[in-house]
Amino acid sequence: METLFNEGSNLAGAVDRAFIFIFAISFIFTIGITALMIYILIHFSRKRNKNPQQFSHNTKLEVIWTVIPILIVLVMFYYGWAGFAPMRKVPKDAMPITVIGRMWSWEFDYGNGKISKELVVPYNKNVKLNLVSVDVNHSLFIPAFRVKEDVIPGYKNYLWFRPIMKGTFDIYCTEYCGLAHSAMLAKAVVVDSLEFNKWLADLKVTGNLPEHPGLTIIKANACLTCHSMDGSRIIGPSFKGLFGRKTVVVTGSGEMEIEATADYIKKSIIDPNADVVKGFNKGLMQSYKEKITDADLDKIVDYFKTAGEIPIK
Amino acid sequence: MKNNENHVSSDSLNWTVLVILLILTTITILAIKIHLGAYTVALALILASIKVSIVLTYFMHLKFENMLLRLMVGGVFLLFAVVIAITFIDYYFR
Amino acid sequence: MSTTEHSEFIDSDTGKLGMWLFLFTELFLFGGLFIVYAVMRSKYAADFHQAALELNVFVGATNTVVLLVSSMTVAMSLTAIQQKRAGKAMGLLFITLLLAGVFMVNKYFEWGHKFGLHLYPGSDVMKSLPHGEIMFFGLYFMMTGLHALHVIIGGVLLTIVIFKIKSGKINAEHYLLQENGALYWHLVDLIWIFLFPLLYLVT
Amino acid sequence: MTNSSTSEPLNYLNHKTGLWSWLSSTDHKRIGLMYMYTITIFFCTAAILGLLMRIEKLTPGQTIMTAQTYNGMFTIHGIIMIFIVVIPGLAAVFGNFFLPIMIGAKDVAFPKLNLFSWYVFIAGAMLGLYSQFANGHSPDTGWTFYVPYSASASSNVVIALTAAFVLGFASILTGLNFIVTIHRMRAPGMTWFRMPLFPWSLYATAWIQLLATPIVGITLLMVIAERTLHIGFFDPALGGDPVLYQHLFWIYSHPAVYVMILPAMGVVTEIFPTFSQKPVFGYVPIVFSSLAIALVGYFVWGHHMFTSGISYESRWFFSFLTFLVAIPSAIKVFNWLSTMYGGSVDLKPPLLFAISFIFLFTIGGFTGLTLGSLATNIQLHNTDFVVAHFHYIIFGGMGFAFFAAIHYWFPKIYGRMYNFKWANISWGFLFVGFNLLYFPLFVMGIQGMPRRYFDYDPKFQTGEMLSTIGAFILIIGLIIMISNLVYGSRRGAIAPANPWHGVTLEWQIPSPPPHENFDEIPVITHEPYRFDHPYTK
Ligand code: HEA
Ligand code: HEA
Ligand code: CUA
Ligand SMILES: [Cu+2]
C-alpha cells in the first residue's frame, strides 16, 4: 500500500523540509512576479500612460534585489545540504546488503549465497546497500525513502536508510540502461525484525545449489532478461526446448529453416545477427564473443542439450 | 581602427629564445633523473609551463600584441586550470 | 562572390584575433585529453611510471628538439618576409617542413615499434597489462595521434604559405596567412612541450 | 535610397534571386534566414517525435510503438532539439541577421567562414538524421551518450556521435566569428558600453561556444575511439572510468544550456524597452550578469552528477555554485520588470511572448534551484521533474524568446507584417498547451516517475494523459503561428521601416534591409535605448 508522499525512511523528513522551503519561496516569487507583470500591463498600458518615464537606474533597489536573492539561495543551499549530509554518514551498525544491478533486473544479496529478488528489510533498523553493476550504469531509486544512487560498473557506490514505515514500496532504475530500462523494477518490503529474520532464514541459498555450470554462465550473462525458460516470449525466443528445435531464420540471402544444433547455438551467441530468428529484431542481442570463452560456450550448449526443460525457480 | 605596425623580431632574438628553450629541455630531462618522487611531475610541469610561456611571448609575438589579447590568453589558461582543479575536488576526496 | 566586395580584405588584426580564438579551441580540445590524463595518472601513478619506461626518452627528446628548432625557423621566416626577403622566408619554411618530416618519420618508427610489440589498443598483449598501463598507452596513442594529425595539418598550411610567397600573394605588406600559419605551428610545438614530459618523463 | 526604376527598392532579398544565389551567399542576413528555415524544419521533425512520444505515453504499456522505438525516439528528439535546434537557434538565426546591423557593420568579420559554418551545420544535421535510418537500429542512448552503454549499444551510435561532433564544430566557428566581429567591426563611436544588449549576450554566448565545445568534441572522439579502437578510457573492464565521461560531458553541456538561454535573454532585453518606450533599466548590471552567467556557468557542471558517486566535497561545492548562478538571472528578471515599470506599455505580440518568457523562465529557473539543492536533487534526479524543468526553461524560455524574436523582427526581415489577431490566438494555444503539457510532469517527478521510461505505473496515468492533451493543444498553436507567419511573409501588409519605434540601429534602415545594410556607416553618439536622445549622428 503506498500513498503519494510517504515519508518511508529516517532521511525523508529533512528532504521534505528542503522541498517545502524551496517551493514556498518559488511560489511567492512566481506569483509576485506574475502579479507585478499584470499590474504593469494594466496600469502602464499605452492607453493609460502616454508619457513613459525615462529613469534607468536606482542603486538602492538594485542592491536590494541582489542581496535578498543571495540570502535566499544561501538558505536554500543550507536546507539542501542539511538534508543531504546524513545520507553520506552511514551508521556503524547498518546491516549491509549487496545490490546487483544488471540489464534489466535487480538482485539483493544478503550474504552466504542468499539472494532475493525483493529487497526485504527490517523495520527501524539501519540498512546499508552496496551497489554493484555487472554491465552498464543503473541507478537505484526508492522514492518513498528519498534515496537514490547510481550503480556504476567498477565503482563502489552505496546508500543507507532506516525504514520507518512498514509496507511495500517501489524500486525503480533511474539511469537509462537500454531496452528494458523501464522494466527494471523491484519492490522494497519493510517488515518487523522478527518477520525479517524468519524470512531470511527461509530464503533459499541459491548461490550454493549444485547447478549446471552452463546455466550459471547463462545467468551470469543475464541472458534470461531476454530469453525465458518457460516458453514465453520476452525479447528473444524462449530457451525452452531450444536444442534441436526447427526454426525459420532470416539470413543475408533470405529465409530458411534450420535446426538448432550445437554449432547453430554457438553461432547465435557469437554472431547473433547472422541468422536472425524470424519475427525477432536484429541488433538487439549483442555478440558475446569477447565475454564468453569457447569452453563456456560448450558448457552452455551442453546445458541446452542435457537440460532442455529443467525449470529454474 | 588601430593602425597596425607589426613588430619585427630579429634573428638573433629568435636564436636566443631557441637556446634558452633547449637548455630548459635539457634541464627537464636531467631533473627527471634525480628522483624527486611526487615532485618530479610538478617540476616537469613547471618547466614545461615556463617553456610554453616563452614560446607564447616571443615566438608567438604576444609580447608585442595588445593588452587585450594577452589577457585573453592568460584567461584561457587560467580557466583551464580552474576546470582541472574543480574536477579534482571530486577525485582527490574519493 | 559579389556579395563580399566590402569585406574581401580582412585586415591583419582581425585575422589574427580569429586565429588566436581558434587556437584557444585547439587548446581545449587537447585540454579534454589532459583532464583524462590527470585523472588517470592520479589513479594509477605506479602503472604510469611502469608504462612510461616503454617509451624511448631519446626519441621523444629528439622530437622535442626538432619541433623547437622548427618553431624557430617559422618565426625567423616571418621576420624574413617582413624584411622583404622572400627567398629566405621560403627557405626557412622549407626547413620547417623538413623538420616536420623528421618528426613524422620518428613518430612512424616509434609507433611501428609499439605495434611490433603488439602494444596497440585492443590487442591481446595490451589487454593483459595492468589497468593503468592500458590507460597510459591508450592516452599515448590518442594524444600523440591527434598531435601528429596537427603536425600534418600544420605542414599542409605551411606548404600553401610557401606557394603563396612564391606567387607574391604573401609579401612584406600582406602576410596575414603566414602569420597565422606560424601561430598554428607554434601551437603544435606548444602542445608537444606538454606532451613530452607527461608521456616520456613520468618514470 | 536605392534607384527608382524598379517598383520595389532593392534589398537583400531581391537584389539577386535563384536558389544558388542563396546557397552561395555570404551575406549574413541570408545565412541567418537559411539557418532559420533549416532549423524550423528540424524543429518540426523533432517536435513531431515529441508528440509521438506523448501519444505512446497515453496509456501504460505499449500504445503505439515498441520500447525500442521509444528509446530511439527520445534520443533523436533530444539530439535534434539540443544540438540542431536550440544551441545554434537564436545565435545562428537572429545573431547572424542582426548582430552586424546592430553594431553598425556591413557583415560579420569572416563572411565566407560564416557560410562554411552553415554547410558544416547542414552536414552534421544530415549525419544526425542518417543515424536514424542507417543500417541497424537508431541510437538509443539518450542525448547524453552515457558510457558504458553508449560504448557497447549495438546501434548507430558512432554516426550520432560524429554528427554531434560536426555540429559542435559549426557552433565553434559561429562563436569565433561573432567574437571577432564584435571586437573589430563596431561602428565609430560605439564603445563597448554603447553596444545594444543583444550583441552583448551574443558575445558572452560566443565565448562559451568557443571554450566549452572543444571539450565535448574530444570526449565524443574518445567514445568513438572506444567503440572502434577499443581504447577503453571509460570502460571499467579496462580500468576506465565511466564517471569521468560524465564530468567531461557536462563540462561542456552545462555551459551549453547557457548558450541556449543567454541569447534568449538578449532578445527580450531588446523587446522590453521598445514596447515600453523607456530606457532599459540597469544596462551595466545586465551586461555583467551575462558575463557572470557565462563564467560561473562554467563551474557548476557537477550538479548533473549528484547521484553518480562523486565525492561528498564536490557535491556540496557544485551545489553551492549552482545557487550562485541563479543570482545574475534574478538580476535580469528584476531589470526587465523595472524596464516596463513606468513605461508606456504596448501589448503587441512580441511583448506578449516576451512576458510569457519571463513567466515560464521563472518557473523553469526555480525548479532548476530545486534540482540544484542536494537533498531534493536526490529525489528528483532523472525523474520527469527534470524533463519538465528543462522543457520549461528551454522551450518555455528559449523557445518563447525565439517566438518573441521572430514576431519582433519579422517586419524588418520581410518588410511585411503578420496578422496580430492570429498571432495572439496562436499565443493562447501555445501558452495553455505548454503548461498543460509540462506541468503534470513536475508533479509526477516529485512522486518518483523516472524519465526515459517507455512504460509506467498506472497510478501516473492521469498526469501522463493531461500532458498528452497539452501536446495536442500546443501543436494547434504552433500550426497557427507558423501559418500566420508564412502567410504574412508573402501577403502581409507592407511594414514601415520602424513599426515599433525602436531606437537601435536595425530600425534606422529600410525594411527589408538593403544588401549591405548601411549606405553610410552610422556614427554612434549615445548609449542605446534612449528615447529622448538620438542614438546616432
Ligand atoms: C536553457 C537551458 C537551461 C537553463 C538556462 C538552465 C538553468 C538552470 N538549471 Fe537546468 N537543465 C537543463 C537546461 C537548462 N537549465 C537541461 C537540458 C537539463 C537536463 C539535462 C539532462 O539530463 O538531459 C537540466 C538539468 C538541471 C539539473 C540536473 C538535474 C538532474 O539531472 O539531476 C540541475 C541541478 O542543479 C539544473 C539546475 C539549473 C539551475 C539552478 C539553473 C539556473 O540557471 C536558473 C536560474 C533562474 C532563476 C532562479 C529564475 C529567475 C530568477 C528570479 C525570478 C528571481 C528570484 C530568484 C531568487 C529569489 C533566487 N538543471
Ligand atoms: C528545444 C528543446 C526541446 C523542445 C522544444 C521539446 C519539445 C517537446 N518535447 Fe522534448 N526533450 C528535449 C528537448 C526538447 N523537447 C530533450 C533534450 C529531451 C531529453 C532527451 C533524452 O532523454 O535524452 C526531451 C525529452 C522529452 C520527453 C521525455 C522522454 C522520456 O524521458 O521518456 C518527452 C516526453 O513527453 C518530450 C516531449 C516533448 C514534446 C511533446 C514537445 C513539444 O513541445 C513539441 C511541440 C510541437 C509539436 C507538438 C509539433 C509541432 C509541429 C509542427 C508545428 C509542424 C506541423 C506539422 C504537421 C501538421 C505535419 N521530450
Ligand atoms: Cu537499469 Cu535503467
Ligand atoms: Cu546544468
# chains A, B, ... in the order shown; residues from 1 in each chain; ligands from 1
>>> residues_around(residues="segment 20-28 of chain B", least_positions_apart="3", cutoff="8 Å", atoms="only C-alpha atoms", output="list in words")
Thr16, Val17, Ala31, Ile32, Leu43, Ala44, Leu47, Lys51 and Ile54 of chain B; Val65, Leu68 and Pro197 of chain C
>>> residues_around(residues="Glu313 of chain D", least_positions_apart="2", cutoff="10 Å", atoms="only C-alpha atoms", output="compact mmCIF listing (two decimals) with N, CA, C and O atoms, in the first residue's frame")
# COMPACT_ATOMS: atom_id res chain seq x y z
N ILE B 89 38.41 18.23 -7.19
CA ILE B 89 37.67 18.23 -5.93
C ILE B 89 36.94 16.91 -5.80
O ILE B 89 36.75 16.38 -4.72
N ASP B 90 36.53 16.38 -6.93
CA ASP B 90 35.92 15.05 -6.89
C ASP B 90 36.97 13.97 -6.65
O ASP B 90 36.92 13.24 -5.68
N TYR B 91 37.97 13.91 -7.53
CA TYR B 91 38.87 12.76 -7.46
C TYR B 91 39.76 12.76 -6.23
O TYR B 91 40.07 11.71 -5.68
N TYR B 92 40.16 13.94 -5.79
CA TYR B 92 41.06 13.98 -4.64
C TYR B 92 40.38 13.46 -3.38
O TYR B 92 40.98 12.76 -2.58
N PHE B 93 39.11 13.75 -3.24
CA PHE B 93 38.42 13.38 -2.00
C PHE B 93 37.77 12.01 -2.06
O PHE B 93 36.99 11.66 -1.20
N ARG B 94 38.05 11.26 -3.14
CA ARG B 94 37.36 9.98 -3.22
C ARG B 94 38.17 8.85 -2.64
O ARG B 94 39.38 8.89 -2.67
N ILE D 310 30.09 10.88 -6.96
CA ILE D 310 31.21 11.79 -6.83
C ILE D 310 31.38 12.13 -5.35
O ILE D 310 30.49 11.88 -4.54
N SER D 311 32.52 12.71 -5.02
CA SER D 311 32.84 12.88 -3.60
C SER D 311 31.87 13.83 -2.92
O SER D 311 31.29 14.72 -3.55
N ARG D 315 30.16 17.40 -4.17
CA ARG D 315 28.71 17.58 -4.28
C ARG D 315 28.30 18.91 -3.69
O ARG D 315 27.56 19.67 -4.31
N TRP D 316 28.76 19.21 -2.49
CA TRP D 316 28.25 20.48 -1.95
C TRP D 316 28.88 21.67 -2.63
O TRP D 316 28.28 22.72 -2.78
N PHE D 317 30.11 21.50 -3.11
CA PHE D 317 30.73 22.60 -3.84
C PHE D 317 29.91 22.95 -5.09
O PHE D 317 29.59 24.11 -5.34
N PHE D 318 29.57 21.93 -5.85
CA PHE D 318 28.80 22.18 -7.07
C PHE D 318 27.42 22.74 -6.74
O PHE D 318 26.91 23.61 -7.44
>>> closest_atom_pairs(of="chain D", to="ligand 3", cutoff="10 Å", atoms="only C-alpha atoms and all ligand atoms", output="tab-separated table")
residue	atom	partner	partner_atom_place_in_ligand_line	distance
D:Pro450	CA	ligand 3	2 (Cu)	9.4
D:Arg451	CA	ligand 3	2 (Cu)	9.9
D:Arg452	CA	ligand 3	2 (Cu)	8.8
D:Tyr453	CA	ligand 3	2 (Cu)	8.8
>>> select_by_dssp(residues="segment 33-279 of chain A", states="alpha helix (DSSP H)", output="PyMOL selection string")
chain A and resi 33-43+59-84+193-202+213-220+262-270
>>> interface_residues(of="chain C", to="chain B", cutoff="7 Å", atoms="only C-alpha atoms", output="number ranges by chain")
C: 35, 65, 68-69, 72, 75-76, 79, 82, 183, 186, 190, 193-194, 197, 201-202
>>> interface_residues(of="chain D", to="chain B", cutoff="10 Å", atoms="only C-alpha atoms", output="JSON, numbers by chain")
{"D": [184, 185, 186, 187, 188, 211, 244, 247, 248, 251, 295, 298, 299, 300, 301, 302, 309, 310, 311, 312, 313, 314, 315, 317, 318]}
>>> residues_near_ligand(ligand="ligand 2", cutoff="8 Å", atoms="only C-alpha atoms and all ligand atoms", output="JSON, numbers by chain")
{"D": [43, 44, 45, 46, 47, 48, 49, 50, 51, 52, 53, 54, 57, 70, 71, 74, 75, 76, 77, 78, 79, 81, 82, 85, 86, 141, 142, 143, 144, 383, 384, 387, 390, 391, 394, 395, 398, 399, 434, 437, 450, 451, 452, 453, 454, 467, 468, 471, 472, 474, 475, 476, 477, 478, 479, 482]}
>>> closest_residue(among="D:Phe353, D:Phe306, D:Tyr203, D:Trp118", to="ligand 4", atoms="only C-alpha atoms and all ligand atoms")
D:Phe306
>>> residues_around(residues="Gly128 of chain D", least_positions_apart="6", cutoff="12 Å", atoms="only C-alpha atoms", output="number ranges by chain")
D: 42, 46, 75-84, 121-122, 134, 138-139, 143, 156-167
>>> interface_residues(of="chain A", to="chain B", cutoff="12 Å", atoms="only C-alpha atoms", output="PyMOL selection string")
chain A and resi 155-157
>>> write_last_selection(atoms="C-alpha atoms", output="PDB file, in the first residue's frame")
ATOM      1  CA  TYR A 155      32.508   1.782  -8.663  1.00  0.00           C
ATOM      2  CA  LYS A 156      31.718   1.106  -5.037  1.00  0.00           C
ATOM      3  CA  ASN A 157      28.723   3.315  -4.529  1.00  0.00           C
TER       4      ASN A 157
END
>>> interface_residues(of="chain C", to="chain A", cutoff="12 Å", atoms="only C-alpha atoms", output="list in words")
Gly122, Asp124, Lys127 and His131 of chain C
>>> closest_atom_pairs(of="chain D", to="chain C", cutoff="8 Å", atoms="only C-alpha atoms", output="JSON lines")
{"residue": "D:Ser24", "atom": "CA", "partner": "C:Met1", "partner_atom": "CA", "distance": 7.8}
{"residue": "D:Ser25", "atom": "CA", "partner": "C:Thr3", "partner_atom": "CA", "distance": 6.7}
{"residue": "D:Thr26", "atom": "CA", "partner": "C:Thr3", "partner_atom": "CA", "distance": 6.3}
{"residue": "D:Asp27", "atom": "CA", "partner": "C:Thr3", "partner_atom": "CA", "distance": 6.2}
{"residue": "D:Lys106", "atom": "CA", "partner": "C:His6", "partner_atom": "CA", "distance": 7.6}
{"residue": "D:Asp107", "atom": "CA", "partner": "C:Ser7", "partner_atom": "CA", "distance": 7.6}
{"residue": "D:Ala109", "atom": "CA", "partner": "C:Thr14", "partner_atom": "CA", "distance": 7.3}
{"residue": "D:Phe110", "atom": "CA", "partner": "C:Ile10", "partner_atom": "CA", "distance": 7.8}
{"residue": "D:Pro111", "atom": "CA", "partner": "C:Thr4", "partner_atom": "CA", "distance": 7.4}
{"residue": "D:Ile172", "atom": "CA", "partner": "C:Thr25", "partner_atom": "CA", "distance": 7.9}
{"residue": "D:Leu176", "atom": "CA", "partner": "C:Leu21", "partner_atom": "CA", "distance": 6.4}
{"residue": "D:Asn177", "atom": "CA", "partner": "C:Gly18", "partner_atom": "CA", "distance": 7.3}
{"residue": "D:Val180", "atom": "CA", "partner": "C:Gly18", "partner_atom": "CA", "distance": 6.1}
{"residue": "D:Arg184", "atom": "CA", "partner": "C:Thr14", "partner_atom": "CA", "distance": 6.4}
{"residue": "D:Leu210", "atom": "CA", "partner": "C:Thr25", "partner_atom": "CA", "distance": 6.0}
{"residue": "D:Leu211", "atom": "CA", "partner": "C:Thr25", "partner_atom": "CA", "distance": 5.9}
{"residue": "D:Ala212", "atom": "CA", "partner": "C:Phe28", "partner_atom": "CA", "distance": 7.6}
{"residue": "D:Thr213", "atom": "CA", "partner": "C:Thr25", "partner_atom": "CA", "distance": 7.9}
{"residue": "D:Pro214", "atom": "CA", "partner": "C:Leu29", "partner_atom": "CA", "distance": 4.7}
{"residue": "D:Ile215", "atom": "CA", "partner": "C:Gly32", "partner_atom": "CA", "distance": 5.2}
{"residue": "D:Val216", "atom": "CA", "partner": "C:Gly32", "partner_atom": "CA", "distance": 8.0}
{"residue": "D:Gly217", "atom": "CA", "partner": "C:Leu29", "partner_atom": "CA", "distance": 7.0}
{"residue": "D:Ile218", "atom": "CA", "partner": "C:Leu29", "partner_atom": "CA", "distance": 5.7}
{"residue": "D:Thr219", "atom": "CA", "partner": "C:Gly32", "partner_atom": "CA", "distance": 6.9}
{"residue": "D:Leu229", "atom": "CA", "partner": "C:Pro121", "partner_atom": "CA", "distance": 6.1}
{"residue": "D:His230", "atom": "CA", "partner": "C:Gly122", "partner_atom": "CA", "distance": 5.0}
{"residue": "D:Ile231", "atom": "CA", "partner": "C:Pro121", "partner_atom": "CA", "distance": 5.1}
{"residue": "D:Gly232", "atom": "CA", "partner": "C:Met135", "partner_atom": "CA", "distance": 7.2}
{"residue": "D:Phe233", "atom": "CA", "partner": "C:Met135", "partner_atom": "CA", "distance": 6.4}
{"residue": "D:Leu238", "atom": "CA", "partner": "C:His131", "partner_atom": "CA", "distance": 5.6}
{"residue": "D:Gly239", "atom": "CA", "partner": "C:His131", "partner_atom": "CA", "distance": 4.6}
{"residue": "D:Gly240", "atom": "CA", "partner": "C:Met135", "partner_atom": "CA", "distance": 7.2}
{"residue": "D:Leu244", "atom": "CA", "partner": "C:Val36", "partner_atom": "CA", "distance": 7.5}
{"residue": "D:Leu248", "atom": "CA", "partner": "C:Gly32", "partner_atom": "CA", "distance": 7.2}
>>> write_last_selection(atoms="N, CA, C and O atoms", output="compact mmCIF listing (two decimals), in the first residue's frame")
# COMPACT_ATOMS: atom_id res chain seq x y z
N SER D 24 25.07 30.21 -52.14
CA SER D 24 26.46 30.67 -52.23
C SER D 24 26.60 32.05 -51.61
O SER D 24 27.65 32.68 -51.73
N SER D 25 25.57 32.51 -50.95
CA SER D 25 25.62 33.87 -50.43
C SER D 25 26.43 33.95 -49.15
O SER D 25 26.27 33.13 -48.26
N THR D 26 27.28 34.94 -49.07
CA THR D 26 27.99 35.15 -47.81
C THR D 26 27.36 36.31 -47.04
O THR D 26 27.92 36.78 -46.07
N ASP D 27 26.21 36.75 -47.50
CA ASP D 27 25.50 37.83 -46.80
C ASP D 27 24.96 37.29 -45.48
O ASP D 27 24.20 36.32 -45.45
N LYS D 106 28.81 46.10 -41.92
CA LYS D 106 28.20 45.63 -43.16
C LYS D 106 28.07 44.12 -43.20
O LYS D 106 27.30 43.57 -43.98
N ASP D 107 28.88 43.45 -42.44
CA ASP D 107 28.77 41.99 -42.40
C ASP D 107 29.54 41.51 -41.17
O ASP D 107 30.08 42.32 -40.42
N ALA D 109 32.78 39.42 -39.42
CA ALA D 109 34.20 39.58 -39.73
C ALA D 109 34.65 38.63 -40.84
O ALA D 109 35.44 38.99 -41.70
N PHE D 110 34.16 37.40 -40.80
CA PHE D 110 34.59 36.42 -41.79
C PHE D 110 33.37 35.85 -42.53
O PHE D 110 32.87 34.78 -42.18
N PRO D 111 32.90 36.54 -43.54
CA PRO D 111 31.65 36.10 -44.19
C PRO D 111 31.74 34.72 -44.81
O PRO D 111 30.78 33.95 -44.74
N ILE D 172 31.33 26.23 -32.90
CA ILE D 172 32.58 26.92 -32.59
C ILE D 172 32.86 28.02 -33.60
O ILE D 172 33.19 29.15 -33.24
N LEU D 176 33.30 31.97 -32.90
CA LEU D 176 34.55 32.66 -33.24
C LEU D 176 34.26 33.90 -34.07
O LEU D 176 34.76 34.99 -33.80
N ASN D 177 33.43 33.69 -35.07
CA ASN D 177 33.08 34.79 -35.97
C ASN D 177 32.47 35.96 -35.20
O ASN D 177 32.81 37.12 -35.42
N VAL D 180 35.05 37.96 -32.99
CA VAL D 180 35.89 38.86 -33.79
C VAL D 180 35.06 40.01 -34.32
O VAL D 180 35.49 41.17 -34.29
N ARG D 184 36.02 43.85 -33.58
CA ARG D 184 36.68 44.62 -34.62
C ARG D 184 35.76 45.45 -35.49
O ARG D 184 36.25 46.29 -36.24
N LEU D 210 32.98 28.85 -27.77
CA LEU D 210 34.37 28.69 -28.16
C LEU D 210 35.13 27.81 -27.18
O LEU D 210 35.93 26.95 -27.57
N LEU D 211 34.91 28.02 -25.90
CA LEU D 211 35.77 27.37 -24.92
C LEU D 211 35.19 26.09 -24.33
O LEU D 211 35.89 25.35 -23.67
N ALA D 212 33.91 25.85 -24.53
CA ALA D 212 33.37 24.62 -23.95
C ALA D 212 33.20 23.54 -25.00
O ALA D 212 33.44 22.36 -24.73
N THR D 213 32.81 23.92 -26.19
CA THR D 213 32.52 22.92 -27.21
C THR D 213 33.68 21.97 -27.51
O THR D 213 33.45 20.77 -27.68
N PRO D 214 34.94 22.47 -27.58
CA PRO D 214 36.01 21.51 -27.88
C PRO D 214 36.08 20.36 -26.89
O PRO D 214 36.45 19.25 -27.26
N ILE D 215 35.70 20.62 -25.64
CA ILE D 215 35.80 19.55 -24.66
C ILE D 215 34.83 18.43 -24.98
O ILE D 215 35.16 17.25 -24.91
N VAL D 216 33.62 18.79 -25.37
CA VAL D 216 32.70 17.71 -25.71
C VAL D 216 33.17 17.06 -27.01
O VAL D 216 33.05 15.86 -27.19
N GLY D 217 33.77 17.86 -27.88
CA GLY D 217 34.29 17.29 -29.12
C GLY D 217 35.26 16.16 -28.83
O GLY D 217 35.10 15.04 -29.32
N ILE D 218 36.24 16.44 -28.01
CA ILE D 218 37.24 15.42 -27.75
C ILE D 218 36.62 14.25 -26.97
O ILE D 218 36.98 13.09 -27.17
N THR D 219 35.64 14.56 -26.14
CA THR D 219 35.00 13.49 -25.38
C THR D 219 34.27 12.53 -26.32
O THR D 219 34.37 11.31 -26.18
N LEU D 229 38.29 1.51 -31.72
CA LEU D 229 39.66 1.05 -31.48
C LEU D 229 39.83 0.34 -30.14
O LEU D 229 40.91 -0.08 -29.79
N HIS D 230 38.78 0.24 -29.36
CA HIS D 230 38.83 -0.45 -28.06
C HIS D 230 39.88 0.14 -27.14
O HIS D 230 40.66 -0.57 -26.54
N ILE D 231 39.93 1.45 -27.07
CA ILE D 231 40.95 2.05 -26.21
C ILE D 231 40.57 1.94 -24.74
O ILE D 231 41.41 1.61 -23.91
N GLY D 232 39.34 2.19 -24.40
CA GLY D 232 38.92 1.89 -23.03
C GLY D 232 39.09 2.96 -21.98
O GLY D 232 39.21 2.65 -20.81
N PHE D 233 39.08 4.26 -22.38
CA PHE D 233 39.16 5.30 -21.37
C PHE D 233 38.03 5.21 -20.35
O PHE D 233 38.18 5.56 -19.20
N LEU D 238 38.58 -2.27 -18.59
CA LEU D 238 39.96 -1.98 -18.95
C LEU D 238 40.55 -0.93 -18.00
O LEU D 238 41.57 -0.32 -18.29
N GLY D 239 39.88 -0.71 -16.89
CA GLY D 239 40.39 0.27 -15.94
C GLY D 239 39.87 1.67 -16.19
O GLY D 239 40.27 2.62 -15.53
N GLY D 240 38.98 1.83 -17.16
CA GLY D 240 38.46 3.15 -17.46
C GLY D 240 37.46 3.61 -16.41
O GLY D 240 37.10 2.87 -15.50
N LEU D 244 34.12 9.64 -15.19
CA LEU D 244 34.95 10.66 -15.83
C LEU D 244 34.28 11.14 -17.12
O LEU D 244 34.32 12.33 -17.45
N LEU D 248 33.37 15.04 -18.19
CA LEU D 248 33.73 15.70 -19.44
C LEU D 248 32.50 16.14 -20.21
O LEU D 248 32.44 17.23 -20.76
>>> residues_around(residues="Val284 of chain D", least_positions_apart="5", cutoff="12 Å", atoms="only C-alpha atoms", output="PyMOL selection string")
(chain A and resi 56-57+59+62) or (chain D and resi 192-197+200+289-291+331-332+335+527-528)
>>> decode(residues="segment 65-69 of chain C", atoms="all heavy atoms", output="mmCIF file, in the first residue's frame")
data_model
loop_
_atom_site.group_PDB
_atom_site.id
_atom_site.type_symbol
_atom_site.label_atom_id
_atom_site.label_comp_id
_atom_site.auth_asym_id
_atom_site.auth_seq_id
_atom_site.Cartn_x
_atom_site.Cartn_y
_atom_site.Cartn_z
ATOM 1 N N VAL C 65 63.408 18.518 -29.636
ATOM 2 C CA VAL C 65 64.376 19.446 -30.220
ATOM 3 C C VAL C 65 63.962 19.812 -31.648
ATOM 4 O O VAL C 65 63.964 20.984 -32.037
ATOM 5 C CB VAL C 65 65.789 18.821 -30.205
ATOM 6 C CG1 VAL C 65 66.773 19.725 -30.936
ATOM 7 C CG2 VAL C 65 66.231 18.587 -28.777
ATOM 8 N N VAL C 66 63.564 18.785 -32.405
ATOM 9 C CA VAL C 66 63.152 19.029 -33.785
ATOM 10 C C VAL C 66 62.042 20.074 -33.835
ATOM 11 O O VAL C 66 62.096 21.037 -34.601
ATOM 12 C CB VAL C 66 62.675 17.709 -34.428
ATOM 13 C CG1 VAL C 66 61.932 17.988 -35.721
ATOM 14 C CG2 VAL C 66 63.854 16.791 -34.693
ATOM 15 N N LEU C 67 61.064 19.911 -32.987
ATOM 16 C CA LEU C 67 59.945 20.846 -33.030
ATOM 17 C C LEU C 67 60.359 22.230 -32.573
ATOM 18 O O LEU C 67 59.917 23.241 -33.129
ATOM 19 C CB LEU C 67 58.790 20.336 -32.171
ATOM 20 C CG LEU C 67 57.840 19.351 -32.854
ATOM 21 C CD1 LEU C 67 56.617 19.126 -31.994
ATOM 22 C CD2 LEU C 67 57.410 19.862 -34.215
ATOM 23 N N LEU C 68 61.220 22.293 -31.549
ATOM 24 C CA LEU C 68 61.643 23.612 -31.070
ATOM 25 C C LEU C 68 62.382 24.352 -32.180
ATOM 26 O O LEU C 68 62.136 25.530 -32.433
ATOM 27 C CB LEU C 68 62.538 23.462 -29.837
ATOM 28 C CG LEU C 68 61.822 23.099 -28.535
ATOM 29 C CD1 LEU C 68 62.811 22.890 -27.412
ATOM 30 C CD2 LEU C 68 60.831 24.187 -28.167
ATOM 31 N N VAL C 69 63.287 23.621 -32.836
ATOM 32 C CA VAL C 69 64.027 24.274 -33.917
ATOM 33 C C VAL C 69 63.072 24.724 -35.020
ATOM 34 O O VAL C 69 63.146 25.843 -35.519
ATOM 35 C CB VAL C 69 65.100 23.321 -34.480
ATOM 36 C CG1 VAL C 69 65.797 23.971 -35.669
ATOM 37 C CG2 VAL C 69 66.116 22.986 -33.411
#
